[in-house]
Amino acid sequence: MSSRSGKLLLLDTASLYFRAFYGLPDSLRSPDGKPVNAVRGLLDMIAFLVTEHGPDRLVACWDEDWRPAFRVDAIGSYKEHRVAAVTPAGEPDVEEVPDALTPQVPVIVDVLAALGIARVGAPGFEADDVIGTLVTREVARSAATALPVAGAVGMVMPASVDIVTGDRDLFQLVDDAAGVRVLYPARGVRDPDVVDQARLAEKYGVPSGQAYADMATLRGDPSDGLPGVPGIGEKTAAKLLAAFGDLAGLRAAAEHGAKGITPTQRQKLLDAAAYLDVAPTVVQVAHDAPVGEVDDTLPREPKDPEALDALAERWGIRSSVDRVLTALAARP
């Protein structure tokens with residue numbers, strides 16, 4: 001990470017450009033008739049987020065592997081329903097992506113590069129893992145920067161990190177003390193659900209990001225091919241975790257027949273032991289993905305104005321590019 005302090009905005013980029021693709025009309029085309037709705041939508045999102053939230057730093061986090069081998073090895077059904085083609089060992093499987101979206105992704109890469117906005121991935125890992133790793137680094141950096149206080153060891157300056165994602169899996173990173181929250185665009189980036197620990201407690205009945213991950217492990221997620229524990233839904237999972245502290249505590253209670261678990265629930269948990277042994281590996285984001293040093297400073301001017309101008313003309317995205325440039329230049 002750069003040594004510069006200030007607010008950090010982390011984008012789950014694929015989540016956002018998929019949302020843009022499905023949310024904007026196919027009629028948005030380049031001068032030669034190619035679709036650019038995902039490109040324009042993502043750029044407009046970035047312009048709004050920079051204007052509205054005023055980050056000093058920003059990273060567009062990237063899926064270098066949308067279905068990592070370590071997760072598939074743990075649970076073979078992980079995202080299996082979204083595989084368009086299986087590739088040789090060591091290479092990411094091909095994800096099923098709309099034909100009109102696929103050619104827009106390289107355009108996004110080129111525009112971000114010309115703008116000078118950091119785009120970061122890690123071989124063999126998802127964007128979620130990149131975000132988890134960058135959050136962990138940012139929190140550690142902030143924890144190492146203590147303000148001297150008379151009569152006290154020190155006060156930790158909390159991080160200030162906003163994660164923008166349409167993927168609830170990243171709720172596990174929410175941490176009020178560390179200054180980490182999620183902007184979840186259920187109604188769009190202009191009116192996101194701001195997810196902090198109070199919101200997790202209100203909506204899901206769990207007190208922390210880690211508790212959300214434990215609950216998600218029990219509940220499962222059909223959209224990711226995670227079966228969960230049959231018969232243990234979201235509310236039941238939250239109640240059991242509240243009673244026994246965490247997933248490990250709940251499993252120990254089930255094994256020992258502790259009070260507070262019905263015989264049916266106990267049997268379901270015991271029957272799902274093989275799943276519960278490996279599911280945390282899949283559900284938990286990595287905190288140590290191989291992410292190099294990142295210059296995450298948000299530029300005030302484009303890194304390559306000539307390349308950016310050519311891209312704006314070639315793809316007919318001038319208005320969206322200009323909105324980003326205006327937002328960058330207007331930052332305090």
# chains A, B, ... in the order shown; residues from 1 in each chain; ligands from 1
$ select_by_dssp --residues "stretch 28-235 of chain A" --states "strand (DSSP E or B)" --output "MDAnalysis selection string"
chainID A and resid 29 35 57:61 83:85 94:95 118:120 146:149 152:156 161:164 175 180:184 193:195 221 226
$ write_last_selection --atoms "N, CA, C and O atoms" --output "short mmCIF file (atom, residue, chain, number, x, y, z; two decimals), in the first residue's frame"
data_model
loop_
_atom_site.label_atom_id
_atom_site.label_comp_id
_atom_site.auth_asym_id
_atom_site.auth_seq_id
_atom_site.Cartn_x
_atom_site.Cartn_y
_atom_site.Cartn_z
N ARG A 29 -24.08 2.08 -26.93
CA ARG A 29 -23.14 1.45 -27.87
C ARG A 29 -22.02 2.42 -28.25
O ARG A 29 -22.14 3.64 -28.15
N PRO A 35 -21.40 -2.90 -27.61
CA PRO A 35 -22.00 -2.52 -26.32
C PRO A 35 -20.96 -1.92 -25.37
O PRO A 35 -19.82 -2.41 -25.28
N ARG A 57 -7.82 7.44 -1.40
CA ARG A 57 -7.21 6.30 -2.08
C ARG A 57 -8.30 5.39 -2.59
O ARG A 57 -9.40 5.34 -2.01
N LEU A 58 -8.03 4.68 -3.67
CA LEU A 58 -9.03 3.80 -4.27
C LEU A 58 -8.33 2.66 -4.98
O LEU A 58 -7.32 2.87 -5.67
N VAL A 59 -8.87 1.46 -4.81
CA VAL A 59 -8.35 0.30 -5.52
C VAL A 59 -9.52 -0.44 -6.16
O VAL A 59 -10.50 -0.77 -5.49
N ALA A 60 -9.42 -0.67 -7.47
CA ALA A 60 -10.37 -1.53 -8.18
C ALA A 60 -9.85 -2.97 -8.05
O ALA A 60 -8.87 -3.35 -8.71
N CYS A 61 -10.46 -3.73 -7.16
CA CYS A 61 -9.99 -5.09 -6.88
C CYS A 61 -10.54 -6.05 -7.93
O CYS A 61 -11.69 -5.93 -8.35
N VAL A 83 -19.76 -22.48 -14.48
CA VAL A 83 -18.61 -22.84 -15.32
C VAL A 83 -19.06 -23.03 -16.76
O VAL A 83 -19.93 -23.85 -17.06
N ALA A 84 -18.45 -22.25 -17.67
CA ALA A 84 -18.76 -22.39 -19.09
C ALA A 84 -17.84 -23.40 -19.74
O ALA A 84 -18.23 -24.09 -20.69
N ALA A 85 -16.61 -23.51 -19.26
CA ALA A 85 -15.65 -24.45 -19.81
C ALA A 85 -14.57 -24.73 -18.77
O ALA A 85 -14.11 -23.81 -18.10
N VAL A 94 -13.33 -21.21 -17.23
CA VAL A 94 -13.99 -20.11 -17.93
C VAL A 94 -15.37 -19.90 -17.32
O VAL A 94 -16.17 -20.82 -17.22
N GLU A 95 -15.61 -18.68 -16.88
CA GLU A 95 -16.89 -18.35 -16.27
C GLU A 95 -17.94 -18.05 -17.35
O GLU A 95 -17.63 -17.47 -18.40
N ALA A 118 -5.70 2.48 -9.50
CA ALA A 118 -5.08 1.18 -9.22
C ALA A 118 -6.07 0.05 -9.45
O ALA A 118 -7.21 0.10 -8.99
N ARG A 119 -5.61 -0.97 -10.17
CA ARG A 119 -6.39 -2.19 -10.39
C ARG A 119 -5.53 -3.35 -9.93
O ARG A 119 -4.43 -3.55 -10.44
N VAL A 120 -6.03 -4.12 -8.97
CA VAL A 120 -5.18 -5.10 -8.30
C VAL A 120 -5.87 -6.45 -8.21
O VAL A 120 -7.02 -6.54 -7.77
N ALA A 146 -0.04 4.75 16.70
CA ALA A 146 -0.75 5.11 17.93
C ALA A 146 -0.48 6.55 18.30
O ALA A 146 0.62 7.07 18.11
N LEU A 147 -1.51 7.21 18.82
CA LEU A 147 -1.35 8.57 19.32
C LEU A 147 -0.94 8.53 20.78
O LEU A 147 -1.61 7.89 21.60
N PRO A 148 0.16 9.17 21.13
CA PRO A 148 0.56 9.17 22.54
C PRO A 148 -0.45 9.90 23.41
O PRO A 148 -0.92 10.99 23.06
N VAL A 149 -0.82 9.27 24.51
CA VAL A 149 -1.78 9.87 25.42
C VAL A 149 -1.19 9.81 26.82
O VAL A 149 -0.70 8.77 27.25
N ALA A 152 -1.38 6.75 29.31
CA ALA A 152 -1.90 5.58 28.59
C ALA A 152 -0.85 5.09 27.62
O ALA A 152 0.04 5.82 27.22
N VAL A 153 -0.99 3.84 27.28
CA VAL A 153 -0.04 3.26 26.33
C VAL A 153 -0.20 3.92 24.97
O VAL A 153 0.75 4.17 24.26
N GLY A 154 -1.42 4.22 24.60
CA GLY A 154 -1.64 4.85 23.31
C GLY A 154 -3.04 4.63 22.81
O GLY A 154 -3.78 3.78 23.33
N MET A 155 -3.43 5.41 21.86
CA MET A 155 -4.72 5.24 21.21
C MET A 155 -4.48 4.85 19.77
O MET A 155 -3.66 5.46 19.09
N VAL A 156 -5.21 3.87 19.31
CA VAL A 156 -5.07 3.44 17.93
C VAL A 156 -5.97 4.29 17.05
O VAL A 156 -7.15 4.48 17.34
N VAL A 161 -12.10 2.54 6.00
CA VAL A 161 -12.17 1.75 4.78
C VAL A 161 -13.63 1.50 4.43
O VAL A 161 -14.40 1.00 5.25
N ASP A 162 -14.01 1.84 3.20
CA ASP A 162 -15.31 1.49 2.66
C ASP A 162 -15.12 0.47 1.55
O ASP A 162 -14.30 0.68 0.64
N ILE A 163 -15.87 -0.62 1.63
CA ILE A 163 -15.85 -1.66 0.61
C ILE A 163 -17.16 -1.55 -0.17
O ILE A 163 -18.24 -1.59 0.42
N VAL A 164 -17.07 -1.41 -1.48
CA VAL A 164 -18.26 -1.31 -2.31
C VAL A 164 -18.44 -2.62 -3.05
O VAL A 164 -17.61 -2.99 -3.89
N ASP A 175 -16.08 -4.20 10.63
CA ASP A 175 -15.43 -4.10 11.94
C ASP A 175 -15.48 -2.64 12.38
O ASP A 175 -14.71 -1.81 11.89
N VAL A 180 -14.03 -0.33 9.41
CA VAL A 180 -14.29 -1.00 8.13
C VAL A 180 -15.79 -1.24 7.99
O VAL A 180 -16.41 -1.86 8.87
N ARG A 181 -16.37 -0.77 6.90
CA ARG A 181 -17.78 -1.00 6.64
C ARG A 181 -17.97 -1.34 5.17
O ARG A 181 -17.05 -1.19 4.35
N VAL A 182 -19.17 -1.80 4.84
CA VAL A 182 -19.50 -2.18 3.47
C VAL A 182 -20.62 -1.28 2.97
O VAL A 182 -21.61 -1.03 3.67
N LEU A 183 -20.46 -0.78 1.75
CA LEU A 183 -21.53 -0.07 1.05
C LEU A 183 -22.14 -1.07 0.07
O LEU A 183 -21.53 -1.40 -0.95
N TYR A 184 -23.31 -1.58 0.42
CA TYR A 184 -23.96 -2.65 -0.34
C TYR A 184 -25.04 -2.04 -1.23
O TYR A 184 -26.07 -1.55 -0.73
N ASP A 193 -26.99 0.30 1.07
CA ASP A 193 -27.20 -0.13 2.44
C ASP A 193 -25.84 -0.04 3.13
O ASP A 193 -24.90 -0.75 2.75
N VAL A 194 -25.70 0.85 4.10
CA VAL A 194 -24.43 1.02 4.80
C VAL A 194 -24.36 -0.04 5.90
O VAL A 194 -25.12 0.01 6.88
N VAL A 195 -23.48 -1.00 5.72
CA VAL A 195 -23.42 -2.15 6.61
C VAL A 195 -22.29 -1.98 7.61
O VAL A 195 -21.10 -2.04 7.26
N ASP A 221 -25.13 -21.05 0.64
CA ASP A 221 -25.43 -20.05 -0.39
C ASP A 221 -25.56 -20.76 -1.74
O ASP A 221 -24.55 -21.06 -2.39
N LEU A 226 -22.87 -23.55 -2.33
CA LEU A 226 -22.55 -23.98 -0.97
C LEU A 226 -23.82 -24.53 -0.32
O LEU A 226 -24.78 -23.79 -0.11
#
$ residues_around --residues "stretch 235-252 of chain A" --least-positions-apart "4" --cutoff "12 Å" --atoms "only C-alpha atoms" --output "JSON, numbers by chain"
{"A": [200, 201, 202, 203, 204, 205, 206, 207, 208, 209, 210, 211, 212, 213, 214, 215, 216, 217, 218, 219, 220, 228, 229, 230, 231, 256, 257, 258, 259, 260, 261, 262, 265, 266, 267, 268, 269, 270, 271, 272, 273, 274, 276, 277, 279, 280]}
$ residues_around --residues "A:Pro98" --least-positions-apart "6" --cutoff "10 Å" --atoms "only C-alpha atoms" --output "compact mmCIF listing (two decimals) with N, CA and C atoms, in the first residue's frame"
# COMPACT_ATOMS: atom_id res chain seq x y z
N PHE A 18 -20.84 -6.07 -13.47
CA PHE A 18 -21.99 -6.93 -13.76
C PHE A 18 -23.28 -6.18 -13.46
N PHE A 21 -23.90 -3.73 -16.18
CA PHE A 21 -24.30 -4.40 -17.40
C PHE A 21 -25.79 -4.72 -17.39
N TYR A 22 -26.26 -5.25 -16.27
CA TYR A 22 -27.67 -5.64 -16.20
C TYR A 22 -28.60 -4.46 -15.89
$ atom_distance --atom1 "atom CA of A:Thr102" --atom2 "atom CA of A:Ala14"
11.4 Å
$ closest_residue --among "A:Asp295, A:Glu52, A:Gly41, A:Leu311" --to "A:Asp191" --atoms "only C-alpha atoms"
A:Glu52
$ residues_around --residues "A:Leu115" --least-positions-apart "6" --cutoff "10 Å" --atoms "only C-alpha atoms" --output "PDB file with N, CA and C atoms, in the first residue's frame"
ATOM      1  N   LEU A 298      -5.388   8.141  -5.139  1.00  0.00           N
ATOM      2  CA  LEU A 298      -6.353   8.512  -6.170  1.00  0.00           C
ATOM      3  C   LEU A 298      -5.844   9.742  -6.912  1.00  0.00           C
ATOM      4  N   PRO A 299      -5.661   9.649  -8.230  1.00  0.00           N
ATOM      5  CA  PRO A 299      -5.078  10.781  -8.963  1.00  0.00           C
ATOM      6  C   PRO A 299      -6.049  11.946  -9.102  1.00  0.00           C
ATOM      7  N   ARG A 300      -5.511  13.104  -9.314  1.00  0.00           N
ATOM      8  CA  ARG A 300      -6.339  14.273  -9.617  1.00  0.00           C
ATOM      9  C   ARG A 300      -6.427  14.505 -11.125  1.00  0.00           C
ATOM     10  N   GLU A 301      -5.458  13.959 -11.844  1.00  0.00           N
ATOM     11  CA  GLU A 301      -5.436  14.070 -13.305  1.00  0.00           C
ATOM     12  C   GLU A 301      -5.157  12.690 -13.886  1.00  0.00           C
ATOM     13  N   PRO A 302      -5.539  12.446 -15.127  1.00  0.00           N
ATOM     14  CA  PRO A 302      -5.307  11.119 -15.710  1.00  0.00           C
ATOM     15  C   PRO A 302      -3.824  10.826 -15.871  1.00  0.00           C
ATOM     16  N   LYS A 303      -3.482   9.572 -15.723  1.00  0.00           N
ATOM     17  CA  LYS A 303      -2.090   9.154 -15.862  1.00  0.00           C
ATOM     18  C   LYS A 303      -1.621   9.276 -17.303  1.00  0.00           C
ATOM     19  N   ASP A 304      -2.512   8.939 -18.243  1.00  0.00           N
ATOM     20  CA  ASP A 304      -2.163   8.974 -19.668  1.00  0.00           C
ATOM     21  C   ASP A 304      -3.286   9.666 -20.426  1.00  0.00           C
ATOM     22  N   PRO A 305      -3.265  11.010 -20.467  1.00  0.00           N
ATOM     23  CA  PRO A 305      -4.364  11.763 -21.093  1.00  0.00           C
ATOM     24  C   PRO A 305      -4.607  11.391 -22.547  1.00  0.00           C
ATOM     25  N   ALA A 307      -3.970   8.504 -24.128  1.00  0.00           N
ATOM     26  CA  ALA A 307      -4.611   7.188 -24.219  1.00  0.00           C
ATOM     27  C   ALA A 307      -6.073   7.274 -23.784  1.00  0.00           C
ATOM     28  N   LEU A 308      -6.333   8.039 -22.739  1.00  0.00           N
ATOM     29  CA  LEU A 308      -7.701   8.181 -22.248  1.00  0.00           C
ATOM     30  C   LEU A 308      -8.583   8.866 -23.279  1.00  0.00           C
ATOM     31  N   VAL A 321     -16.293   9.345 -18.997  1.00  0.00           N
ATOM     32  CA  VAL A 321     -14.898   9.666 -18.670  1.00  0.00           C
ATOM     33  C   VAL A 321     -14.814  11.071 -18.083  1.00  0.00           C
ATOM     34  N   VAL A 324     -15.807  11.202 -14.458  1.00  0.00           N
ATOM     35  CA  VAL A 324     -14.751  10.731 -13.556  1.00  0.00           C
ATOM     36  C   VAL A 324     -13.683  11.811 -13.388  1.00  0.00           C
ATOM     37  N   LEU A 325     -13.262  12.419 -14.482  1.00  0.00           N
ATOM     38  CA  LEU A 325     -12.227  13.453 -14.414  1.00  0.00           C
ATOM     39  C   LEU A 325     -12.681  14.635 -13.566  1.00  0.00           C
ATOM     40  N   LEU A 328     -12.499  13.567  -9.914  1.00  0.00           N
ATOM     41  CA  LEU A 328     -11.126  13.509  -9.431  1.00  0.00           C
ATOM     42  C   LEU A 328     -10.563  14.906  -9.177  1.00  0.00           C
TER      43      LEU A 328
END
$ closest_residue --among "A:Gly6, A:Glu80, A:Gly179, A:Val130" --to "A:Pro222" --atoms "only C-alpha atoms"
A:Glu80
$ residues_around --residues "A:Arg331" --least-positions-apart "2" --cutoff "8 Å" --atoms "only C-alpha atoms" --output "count of residues only"
7
$ select_by_dssp --residues "stretch 81-125 of chain A" --states "alpha helix (DSSP H)" --output "MDAnalysis selection string"
chainID A and resid 104:115
$ residues_around --residues "A:Asp63" --least-positions-apart "3" --cutoff "9 Å" --atoms "only C-alpha atoms" --output "NGL selection string"
:A and (12-14 or 66-67 or 120-130)
